[in-house]
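Okay, entry-v9.txt now, which holds compact mmCIF, C-alpha atoms:
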# COMPACT_ATOMS: atom_id res chain seq x y z
CA MET A 1 23.20 -19.23 5.85
CA VAL A 2 19.86 -17.55 6.52
CA GLN A 3 18.00 -16.05 3.58
CA ASN A 4 15.52 -13.19 3.54
CA LEU A 5 11.98 -14.53 3.25
CA LYS A 6 9.07 -12.73 1.61
CA VAL A 7 5.95 -13.19 3.73
CA ASP A 8 2.40 -11.91 3.22
CA VAL A 9 -0.24 -11.88 5.98
CA ILE A 10 -3.91 -11.49 5.02
CA TYR A 11 -6.55 -10.76 7.68
CA HIS A 12 -9.95 -11.83 6.35
CA LEU A 13 -12.97 -10.70 8.38
CA THR A 14 -10.82 -10.40 11.50
CA ALA A 15 -8.71 -7.80 13.28
CA SER A 16 -4.97 -7.53 12.65
CA ASP A 17 -2.56 -9.09 15.15
CA PHE A 18 0.54 -6.97 15.76
CA GLU A 19 1.90 -9.40 18.37
CA MET A 20 1.83 -12.28 15.87
CA GLU A 21 3.67 -10.23 13.23
CA PHE A 22 6.26 -9.02 15.75
CA ASN A 23 7.03 -12.56 16.94
CA LEU A 24 7.08 -13.83 13.36
CA CYS A 25 9.71 -11.27 12.34
CA GLY A 26 11.92 -12.58 15.15
CA CYS A 27 12.25 -15.98 13.46
CA CYS A 28 14.48 -14.79 10.62
CA ARG A 29 15.13 -11.86 8.31
CA MET A 30 12.03 -11.26 6.25
CA ARG A 31 10.01 -8.74 4.30
CA LEU A 32 6.54 -8.79 5.85
CA LEU A 33 3.49 -7.23 4.19
CA ASN A 34 -0.08 -7.36 5.44
CA ASP A 35 -3.53 -6.71 4.05
CA LYS A 36 -7.12 -6.71 5.33
CA THR A 37 -10.15 -7.95 3.37
CA THR A 38 -13.85 -7.86 4.13
CA ASP A 39 -15.38 -9.93 1.34
CA LYS A 40 -14.61 -12.99 -0.77
CA LYS A 41 -13.71 -11.08 -3.95
CA SER A 42 -11.18 -8.82 -2.27
CA PHE A 43 -9.66 -11.81 -0.50
CA ILE A 44 -9.11 -13.63 -3.81
CA LYS A 45 -7.41 -10.55 -5.28
CA SER A 46 -5.21 -10.15 -2.22
CA LEU A 47 -4.33 -13.87 -2.27
CA ALA A 48 -3.37 -13.73 -5.96
CA ARG A 49 -1.16 -10.70 -5.32
CA ALA A 50 0.49 -12.37 -2.33
CA VAL A 51 1.14 -15.61 -4.24
CA ALA A 52 2.79 -13.65 -7.06
CA ARG A 53 5.29 -11.89 -4.77
CA SER A 54 5.88 -13.94 -1.60
CA ARG A 55 7.14 -17.35 -0.62
CA VAL A 56 4.97 -17.75 2.50
CA ILE A 57 1.34 -16.60 2.59
CA ILE A 58 -0.48 -16.59 5.95
CA ALA A 59 -4.26 -16.07 5.95
CA CYS A 60 -6.10 -15.49 9.24
CA GLY A 61 -9.86 -15.56 9.62
CA PRO A 62 -12.91 -17.85 9.82
CA LEU A 63 -11.99 -21.30 8.52
CA PHE A 64 -15.33 -23.01 7.96
CA GLY A 65 -18.42 -22.21 5.93
CA ALA A 66 -19.02 -21.25 2.33
CA ASP A 67 -17.07 -18.01 2.75
CA GLY A 68 -14.44 -19.53 5.06
CA LEU A 69 -10.74 -19.62 4.27
CA ILE A 70 -10.55 -23.38 3.64
CA SER A 71 -13.35 -23.48 1.08
CA THR A 72 -12.25 -20.24 -0.62
CA VAL A 73 -8.57 -21.15 -0.92
CA ALA A 74 -9.35 -24.73 -2.01
CA THR A 75 -11.52 -23.40 -4.82
CA ALA A 76 -8.95 -20.73 -5.75
CA ILE A 77 -6.02 -23.13 -6.13
CA GLY A 78 -8.19 -25.92 -7.60
CA ASN A 79 -7.36 -28.63 -5.05
CA GLY A 80 -10.77 -29.14 -3.49
CA THR A 81 -11.40 -30.31 0.07
CA ALA A 82 -11.16 -33.66 1.86
CA LEU A 83 -12.12 -35.04 5.26
CA CYS A 84 -9.45 -34.88 7.95
CA ASP A 85 -8.59 -37.97 10.01
CA ASN A 86 -9.04 -36.67 13.56
CA LYS A 87 -7.38 -39.63 15.27
CA THR A 88 -4.28 -39.56 13.10
CA TYR A 89 -3.55 -35.91 13.85
CA GLY A 90 -4.71 -35.97 17.49
CA ILE A 91 -7.78 -33.76 17.14
CA ASN A 92 -10.25 -33.93 20.00
CA GLY A 93 -13.83 -34.74 19.05
CA ASP A 94 -15.49 -36.71 16.27
CA GLU A 95 -16.74 -33.76 14.24
CA GLN A 96 -16.08 -33.91 10.51
CA ILE A 97 -13.45 -31.34 9.53
CA ARG A 98 -12.84 -30.64 5.86
CA ILE A 99 -9.39 -29.35 4.89
CA ILE A 100 -7.70 -28.59 1.58
CA ASN A 101 -6.84 -31.74 -0.34
CA GLY A 102 -3.11 -32.40 0.10
CA SER A 103 -2.70 -30.10 3.10
CA THR A 104 -1.61 -30.87 6.66
CA PRO A 105 -3.86 -29.82 9.58
CA LEU A 106 -2.46 -27.56 12.28
CA VAL A 107 -3.43 -28.75 15.77
CA THR A 108 -2.71 -27.14 19.14
CA PRO A 109 -1.01 -29.19 21.91
CA ASP A 110 -4.45 -29.43 23.57
CA GLY A 111 -5.92 -31.13 20.49
CA TYR A 112 -7.85 -28.23 18.95
CA PHE A 113 -7.92 -27.75 15.18
CA GLY A 114 -6.59 -24.32 14.22
CA GLY A 115 -5.91 -24.37 10.48
CA CYS A 116 -3.91 -26.15 7.80
CA ILE A 117 -0.79 -25.73 5.70
CA ILE A 118 -0.24 -26.62 2.04
CA GLU A 119 2.97 -26.54 0.02
CA SER A 120 3.65 -26.36 -3.68
CA GLY A 121 7.34 -26.41 -4.49
CA PRO A 122 9.04 -23.64 -2.52
CA GLN A 123 5.78 -21.78 -1.81
CA THR A 124 3.56 -22.28 1.22
CA ILE A 125 0.03 -21.17 2.13
CA ILE A 126 -0.88 -21.26 5.83
CA LEU A 127 -4.49 -20.87 6.98
CA LEU A 128 -5.05 -19.94 10.64
CA THR A 129 -8.17 -19.54 12.76
CA GLU A 130 -9.49 -16.20 13.99
CA ASN A 131 -9.14 -17.42 17.61
CA ARG A 132 -6.06 -15.56 18.90
CA ALA A 133 -5.31 -18.09 21.66
CA PHE A 134 -5.27 -21.08 19.29
CA ARG A 135 -3.42 -19.06 16.66
CA LYS A 136 -0.71 -17.99 19.12
CA SER A 137 -0.19 -21.60 20.27
CA ILE A 138 0.09 -22.88 16.68
CA MET A 139 2.49 -20.10 15.70
CA GLN A 140 4.84 -20.76 18.62
CA ASN A 141 4.83 -24.57 18.38
CA LEU A 142 4.54 -25.21 14.63
CA ILE A 143 4.91 -22.16 12.38
CA HIS A 144 7.97 -20.52 13.97
CA PRO A 145 10.14 -23.68 13.74
CA TYR A 146 8.89 -24.23 10.19
CA ILE A 147 9.81 -20.66 9.12
CA GLU A 148 13.26 -21.00 10.70
CA GLU A 149 13.83 -24.29 8.88
CA ILE A 150 12.87 -23.07 5.41
CA SER A 151 14.88 -19.88 5.84
CA TYR A 152 18.11 -21.83 6.37
CA ILE A 153 20.28 -22.53 3.33
CA PRO A 154 23.20 -24.96 3.77
CA THR A 155 26.52 -23.33 2.94
CA LYS A 156 28.28 -26.51 1.83
CA ALA A 157 26.76 -28.43 -1.01
CA SER A 158 26.86 -32.21 -0.95
CA PRO A 159 29.66 -33.62 -3.11
CA VAL A 160 28.53 -34.80 -6.49
CA THR A 161 29.80 -38.27 -7.35
CA ASP A 162 30.53 -39.13 -10.92
CA PRO A 163 28.23 -41.75 -12.40
CA PRO A 164 29.85 -45.15 -12.84
CA ALA A 165 31.30 -45.76 -16.24
CA GLU A 166 29.21 -48.05 -18.39
CA PRO A 167 30.97 -51.15 -19.63
CA GLU A 168 31.74 -51.19 -23.30
CA PRO A 169 29.37 -53.44 -25.24
CA ILE A 170 30.81 -56.59 -26.66
CA PHE A 171 29.73 -57.07 -30.25
CA GLU A 172 29.72 -60.44 -31.89
CA THR A 173 31.59 -60.45 -35.14
CA ALA A 174 30.34 -63.82 -36.30
CA VAL A 175 28.90 -62.45 -39.49
CA SER A 176 29.68 -64.23 -42.68
CA GLU A 177 30.44 -62.53 -45.93
CA GLU A 178 27.30 -63.95 -47.53
CA GLU A 179 24.96 -62.20 -45.09
CA ASN A 180 23.34 -59.01 -46.31
CA TYR A 181 23.28 -55.93 -44.09
CA LEU A 182 20.04 -54.03 -43.63
CA THR A 183 20.54 -50.66 -45.27
CA ALA A 184 16.92 -49.62 -45.87
CA PRO A 185 15.62 -47.25 -43.21
CA ASP A 186 12.80 -48.39 -40.99
CA ASP A 187 9.37 -46.97 -41.59
CA TYR A 188 8.48 -47.00 -37.93
CA GLY A 189 7.52 -43.62 -36.60
CA THR A 190 7.54 -41.84 -39.96
CA GLU A 191 3.82 -41.32 -40.07
CA ASP A 192 2.26 -38.61 -37.92
CA ASP A 193 0.71 -40.04 -34.86
CA ASP A 194 -2.84 -38.73 -34.77
CA ASN A 195 -3.55 -40.39 -31.45
CA THR A 196 -1.11 -38.22 -29.48
CA SER A 197 -2.61 -36.59 -26.46
CA GLU A 198 -3.63 -33.01 -27.05
CA ILE A 199 -2.82 -30.41 -24.42
CA LEU A 200 -6.06 -29.01 -23.15
CA PRO A 201 -6.13 -25.25 -22.66
CA THR A 202 -6.25 -24.28 -19.04
CA SER A 203 -9.29 -22.34 -17.94
CA THR A 204 -8.41 -18.74 -17.19
CA ASP A 205 -10.58 -17.67 -14.30
CA GLU A 206 -9.96 -14.78 -11.94
CA HIS A 207 -10.87 -17.07 -9.05
CA ASN A 208 -8.13 -19.59 -9.87
CA VAL A 209 -4.80 -18.86 -8.20
CA GLU A 210 -1.66 -20.80 -9.11
CA PHE A 211 1.52 -21.00 -7.10
CA ILE A 212 3.98 -18.67 -8.84
CA MET A 213 7.46 -17.80 -7.66
CA ASP A 214 9.79 -15.14 -8.95
CA GLY A 215 12.67 -16.53 -10.96
CA GLU A 216 11.30 -19.93 -12.06
CA PRO A 217 13.53 -22.27 -14.06
CA GLU A 218 11.51 -21.54 -17.20
CA ASP A 219 12.35 -17.88 -16.94
CA GLU A 220 16.00 -18.68 -16.36
CA MET A 221 16.16 -21.00 -19.38
CA ALA A 222 14.64 -18.40 -21.69
CA GLU A 223 16.96 -17.09 -24.34
CA PRO A 224 18.29 -13.64 -23.48
CA VAL A 225 17.23 -10.86 -25.79
CA VAL A 226 20.27 -9.15 -27.24
CA GLU A 227 19.61 -5.49 -27.85
CA GLU A 228 21.53 -3.56 -30.44
CA PRO A 229 23.76 -0.88 -28.94
CA ALA A 230 22.34 2.60 -29.28
CA PRO A 231 24.40 5.13 -31.25
CA ALA A 232 26.70 7.28 -29.17
CA PHE A 233 25.45 10.55 -30.66
CA ASP A 234 21.81 10.93 -31.58
CA ASP A 235 19.07 13.54 -31.31
CA ASN A 236 18.62 12.92 -27.59
CA TYR A 237 22.33 13.52 -27.07
CA ASN A 238 22.04 16.92 -28.69
CA LEU A 239 19.12 17.80 -26.44
CA MET A 240 21.29 17.30 -23.36
CA TYR A 241 23.31 20.42 -24.12
CA THR A 242 22.39 23.96 -25.16
CA GLU A 243 24.23 26.31 -27.45
CA VAL A 244 26.19 29.20 -25.94
CA GLU A 245 24.48 32.57 -26.43
CA SER A 246 26.34 35.60 -27.64
CA GLU A 247 26.52 38.86 -25.66
CA LYS A 248 24.07 40.59 -27.99
CA GLU A 249 21.49 37.84 -27.56
CA ILE A 250 21.86 37.98 -23.79
CA LYS A 251 21.47 41.78 -23.68
CA SER A 252 18.49 41.73 -26.03
CA ARG A 253 16.82 38.99 -24.01
CA TYR A 254 17.16 40.95 -20.76
CA SER A 255 16.31 44.35 -22.26
CA GLU A 256 12.88 43.27 -23.50
CA PRO A 257 10.24 43.12 -20.77
CA TYR A 258 8.39 39.91 -20.24
CA LYS A 259 4.87 39.82 -21.63
CA PRO A 260 2.74 36.98 -20.31
CA SER A 261 0.71 35.04 -22.84
CA GLU A 262 -2.56 33.18 -22.56
CA SER A 263 -0.79 29.86 -22.08
CA ASP A 264 0.91 31.21 -18.92
CA SER A 265 -2.42 30.98 -17.13
CA MET A 266 -1.95 27.21 -17.11
CA PHE A 267 1.00 27.51 -14.73
CA ILE A 268 0.43 30.86 -12.93
CA SER A 269 -2.48 30.41 -10.57
CA ALA A 270 -4.78 33.29 -9.74
CA PRO A 271 -4.97 34.41 -6.11
CA GLU A 272 -7.57 32.50 -4.19
CA ILE A 273 -10.19 34.50 -2.31
CA ASP A 274 -11.32 33.07 0.95
CA GLU A 275 -14.89 34.23 1.39
CA ASP A 276 -15.05 33.02 4.98
CA GLU A 277 -11.99 35.06 5.88
CA ILE A 278 -13.40 38.17 4.20
CA HIS A 279 -16.72 37.67 5.97
CA SER A 280 -14.97 37.33 9.33
CA LYS A 281 -12.95 40.50 8.65
CA ARG A 282 -16.11 42.39 7.82
CA LYS A 283 -17.68 41.16 11.03
CA ASN A 284 -14.68 42.32 13.04
CA ASP A 285 -14.73 45.75 11.36
CA MET A 286 -18.46 46.15 12.00
CA ARG A 287 -17.98 45.15 15.63
CA ALA A 288 -15.18 47.72 16.09
CA MET A 289 -17.34 50.39 14.47
CA ASP A 290 -20.27 49.53 16.72
CA ILE A 291 -18.05 49.80 19.81
CA THR A 292 -16.79 53.22 18.64
CA ILE A 293 -20.33 54.47 18.07
CA VAL A 294 -21.42 53.27 21.51
CA VAL A 295 -18.46 55.05 23.16
CA LEU A 296 -19.24 58.29 21.29
CA VAL A 297 -22.90 58.10 22.25
CA LEU A 298 -21.97 57.58 25.91
CA LEU A 299 -19.62 60.59 25.81
CA LEU A 300 -22.33 62.67 24.20
CA LEU A 301 -24.86 61.64 26.85
CA LEU A 302 -22.38 62.49 29.62
CA ALA A 303 -21.82 65.92 28.06
CA ILE A 304 -25.56 66.54 27.87
CA LEU A 305 -26.02 65.43 31.47
CA ALA A 306 -23.23 67.75 32.61
CA LEU A 307 -24.75 70.66 30.68
CA VAL A 308 -28.18 69.99 32.21
CA TYR A 309 -26.66 69.81 35.65
CA PHE A 310 -24.72 73.06 35.41
CA ILE A 311 -27.47 75.05 33.63
CA VAL A 312 -30.66 73.70 35.19
CA LEU A 313 -30.06 71.79 38.40
CA LYS A 314 -27.34 73.91 39.97
CA PRO A 315 -29.22 77.27 39.61
CA MET A 316 -32.29 75.62 41.11
CA THR A 317 -30.31 74.49 44.15
CA MET A 318 -28.91 78.02 44.52
CA GLY A 319 -32.37 79.61 44.20
CA VAL A 320 -31.49 81.49 41.05
CA SER A 321 -33.28 81.24 37.76
CA THR A 322 -31.54 79.68 34.81
CA GLY A 323 -31.50 82.95 32.80
CA ASP A 324 -29.99 84.96 35.63
CA TYR A 325 -27.42 82.25 36.21
CA ILE A 326 -26.43 82.28 32.55
CA LYS A 327 -26.26 86.12 32.53
CA GLU A 328 -24.17 86.01 35.70
CA ILE A 329 -21.79 83.53 34.10
CA PHE A 330 -21.42 85.54 30.88
CA GLY A 331 -21.24 88.80 32.86
CA PHE A 332 -18.47 87.40 35.03
CA THR A 333 -16.58 86.28 31.97
CA SER A 334 -16.95 89.71 30.32
CA ASN A 335 -15.76 91.54 33.43
CA SER A 336 -12.79 89.25 33.81
CA SER A 337 -11.87 89.84 30.18
CA LEU A 338 -12.01 93.67 30.61
CA VAL A 339 -9.78 93.53 33.64
In structure tokens, how does this file's structure come out?
Amino acid sequence: MVQNLKVDVIYHLTASDFEMEFNLCGCCRMRLLNDKTTDKKSFIKSLARAVARSRVIIACGPLFGADGLISTVATAIGNGTALCDNKTYGINGDEQIRIINGSTPLVTPDGYFGGCIIESGPQTIILLTENRAFRKSIMQNLIHPYIEEISYIPTKASPVTDPPAEPEPIFETAVSEEENYLTAPDDYGTEDDDNTSEILPTSTDEHNVEFIMDGEPEDEMAEPVVEEPAPAFDDNYNLMYTEVESEKEIKSRYSEPYKPSESDSMFISAPEIDEDEIHSKRKNDMRAMDITIVVLVLLLLLAILALVYFIVLKPMTMGVSTGDYIKEIFGFTSNSSLV
């Protein structure tokens, strides 16, 4: 049977890799979370959070240096670093490579070092290089088969054989009646042993990360806390229901108008005034008014030009003075009205 794995991926000082996550989710059913960090402090916090909630933690980024993944994780989990045997693991080159003490190096088929893996009980931390080509090769050849293997749970448990019965001891009964039996209790172990080893308190440091899994045996062996049953009817039960109002109370409640109080201002928000919108409206109104004024001025100028043409220019073209032309116009109008 395949179980659902909890996996965390941390990208430290490197870009995220969607292709790696997509291929990793194809190995088995899993819950995959990712995070990106840019400094050592944020990486330690992200690593502690991932260790507290996931079974497999994958960290991608620069491996070497004071701020590299190997040195940071080794200090965080308290294991330290050790030199890797290049020949044993098939690593090309004679350069000294320091890995986490107790971890296994991850090497590509071409002999390039690309990270390491360390286990503690059911939990695993995998450190991978920022080189995408090396990381892809290691994931396909080493990490994917490993994830598939740890996600498999055998359905049939191995039969448990009963332990062999111990032979009954044979006691010698050659004890004479004159022998005295020892009835006084021994004094061995009665005194308090002052030389017992004292348990040293563990140093609580924010940079120390321990492997922690949900549902450890200690939690399972803890005594369950039995809570006393709550009473069936209490004050909270009475608050779940309201009393039925009478007809008079209903009529009186609806007949009185609602008067808002000062406390209502906490929930009823005042209308917001958008000054930009008001300013734009004013601009539009002023522009429309300006256009109207311009049109009126043009009409007025056209009227003046027409009046000048008919009163001044036209009489001049006809050889008549302006006064005679006006008298002729008004005289013609008066005669036409008398007719």
For Ala76 of chain A, the nearest of the candidates A:Thr322, A:Ser46, A:Gln123, A:Thr317, counting only C-alpha atoms = A:Ser46
In Å, how far is it from atom CA of Val7 of chain A to atom CA of Ser42 of chain A?
-> 18.7 Å
Write out as number ranges by chain each polymer residue whose atoms come within 10 Å of Cys25 of chain A, counting all atoms listed in the file; drop sequence neighbours fewer than 5 positions from it.
-> A: 5, 7, 20, 30-32, 144, 147
Keeping only C-alpha atoms, write those residues as a CSV table (one decimal), in the frame of the given file.
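Output saved as part-v6.csv:
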chain,number,residue,atom,x,y,z
A,5,LEU,CA,12.0,-14.5,3.2
A,7,VAL,CA,6.0,-13.2,3.7
A,20,MET,CA,1.8,-12.3,15.9
A,30,MET,CA,12.0,-11.3,6.2
A,31,ARG,CA,10.0,-8.7,4.3
A,32,LEU,CA,6.5,-8.8,5.8
A,144,HIS,CA,8.0,-20.5,14.0
A,147,ILE,CA,9.8,-20.7,9.1
Tell me, counting all atoms listed in the file, for each residue of segment 102-131 of chain A within 12 Å of segment 57-62 of chain A, which pair of atoms is nearest and how far apart they are in Å to one decimal, in rows ordered by chain and increasing number, as a tab-separated table.
residue	atom	partner	partner_atom	distance
A:Gly114	CA	A:Pro62	CA	10.1
A:Gly115	CA	A:Cys60	CA	9.0
A:Cys116	CA	A:Ala59	CA	10.3
A:Ile117	CA	A:Ile58	CA	9.1
A:Ile118	CA	A:Ile57	CA	10.2
A:Glu119	CA	A:Ile57	CA	10.4
A:Ser120	CA	A:Ile57	CA	11.8
A:Pro122	CA	A:Ile57	CA	11.6
A:Gln123	CA	A:Ile57	CA	8.1
A:Thr124	CA	A:Ile57	CA	6.3
A:Ile125	CA	A:Ile57	CA	4.8
A:Ile126	CA	A:Ile58	CA	4.7
A:Leu127	CA	A:Ala59	CA	4.9
A:Leu128	CA	A:Cys60	CA	4.8
A:Thr129	CA	A:Gly61	CA	5.3
A:Glu130	CA	A:Gly61	CA	4.4
A:Asn131	CA	A:Gly61	CA	8.2
Would you mind exporting C-alpha atoms of the selected residues as an mmCIF file, in the frame of the given file?
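And here is the file that came out, result-v1.cif:
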data_model
loop_
_atom_site.group_PDB
_atom_site.id
_atom_site.type_symbol
_atom_site.label_atom_id
_atom_site.label_comp_id
_atom_site.auth_asym_id
_atom_site.auth_seq_id
_atom_site.Cartn_x
_atom_site.Cartn_y
_atom_site.Cartn_z
ATOM 1 C CA GLY A 114 -6.590 -24.320 14.220
ATOM 2 C CA GLY A 115 -5.910 -24.370 10.480
ATOM 3 C CA CYS A 116 -3.910 -26.150 7.800
ATOM 4 C CA ILE A 117 -0.790 -25.730 5.700
ATOM 5 C CA ILE A 118 -0.240 -26.620 2.040
ATOM 6 C CA GLU A 119 2.970 -26.540 0.020
ATOM 7 C CA SER A 120 3.650 -26.360 -3.680
ATOM 8 C CA PRO A 122 9.040 -23.640 -2.520
ATOM 9 C CA GLN A 123 5.780 -21.780 -1.810
ATOM 10 C CA THR A 124 3.560 -22.280 1.220
ATOM 11 C CA ILE A 125 0.030 -21.170 2.130
ATOM 12 C CA ILE A 126 -0.880 -21.260 5.830
ATOM 13 C CA LEU A 127 -4.490 -20.870 6.980
ATOM 14 C CA LEU A 128 -5.050 -19.940 10.640
ATOM 15 C CA THR A 129 -8.170 -19.540 12.760
ATOM 16 C CA GLU A 130 -9.490 -16.200 13.990
ATOM 17 C CA ASN A 131 -9.140 -17.420 17.610
#
Could you give me, as a list of chain:residue names, the residues within 10 Å of Asp85 of chain A, counting all atoms listed in the file and dropping anything in the same chain fewer than 3 positions from it?
->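 Surrounding residues, per the criterion: A:Ala82, A:Thr88, A:Tyr89, A:Gly90, A:Ile91, A:Asp94, A:Gln96, A:Ile97, A:Arg98, A:Pro105.
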Serialized selection, C-alpha atoms, as an mmCIF file, in the frame of the given file:
data_model
loop_
_atom_site.group_PDB
_atom_site.id
_atom_site.type_symbol
_atom_site.label_atom_id
_atom_site.label_comp_id
_atom_site.auth_asym_id
_atom_site.auth_seq_id
_atom_site.Cartn_x
_atom_site.Cartn_y
_atom_site.Cartn_z
ATOM 1 C CA ALA A 82 -11.160 -33.660 1.860
ATOM 2 C CA THR A 88 -4.280 -39.560 13.100
ATOM 3 C CA TYR A 89 -3.550 -35.910 13.850
ATOM 4 C CA GLY A 90 -4.710 -35.970 17.490
ATOM 5 C CA ILE A 91 -7.780 -33.760 17.140
ATOM 6 C CA ASP A 94 -15.490 -36.710 16.270
ATOM 7 C CA GLN A 96 -16.080 -33.910 10.510
ATOM 8 C CA ILE A 97 -13.450 -31.340 9.530
ATOM 9 C CA ARG A 98 -12.840 -30.640 5.860
ATOM 10 C CA PRO A 105 -3.860 -29.820 9.580
#
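Atom pair atom CA of Glu328 of chain A / atom CA of Leu305 of chain A has a distance of 21.1 Å (rounded to one decimal).
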Nearest-residue call for Ile100 of chain A, choices A:Leu33, A:Ile138, A:Ala303, A:Cys84, using all atoms listed in the file |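 Of A:Leu33, A:Ile138, A:Ala303, A:Cys84, the one nearest Ile100 of chain A is A:Cys84, counting all atoms listed in the file.
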Enter the distance from atom CA of Pro109 of chain A to atom CA of Gly93 of chain A, in Å, rounded to one decimal.
-> 14.3 Å
Selection: 10 Å around Gln3 of chain A, all atoms listed in the file, excl. self and same-chain fewer than 3 positions, as a PyMOL selection string | chain A and resi 6+28-30+148+150-153
Restricting to all atoms listed in the file, whichever of A:Gly121, A:Asp274, A:Pro315, A:Arg132 is closest to Ala15 of chain A is A:Arg132
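Between Ile143 of chain A and the residues A:Val73, A:Val56, A:Val2, A:Ala66, the shortest atom-to-atom distance, using only C-alpha atoms, involves A:Val56.
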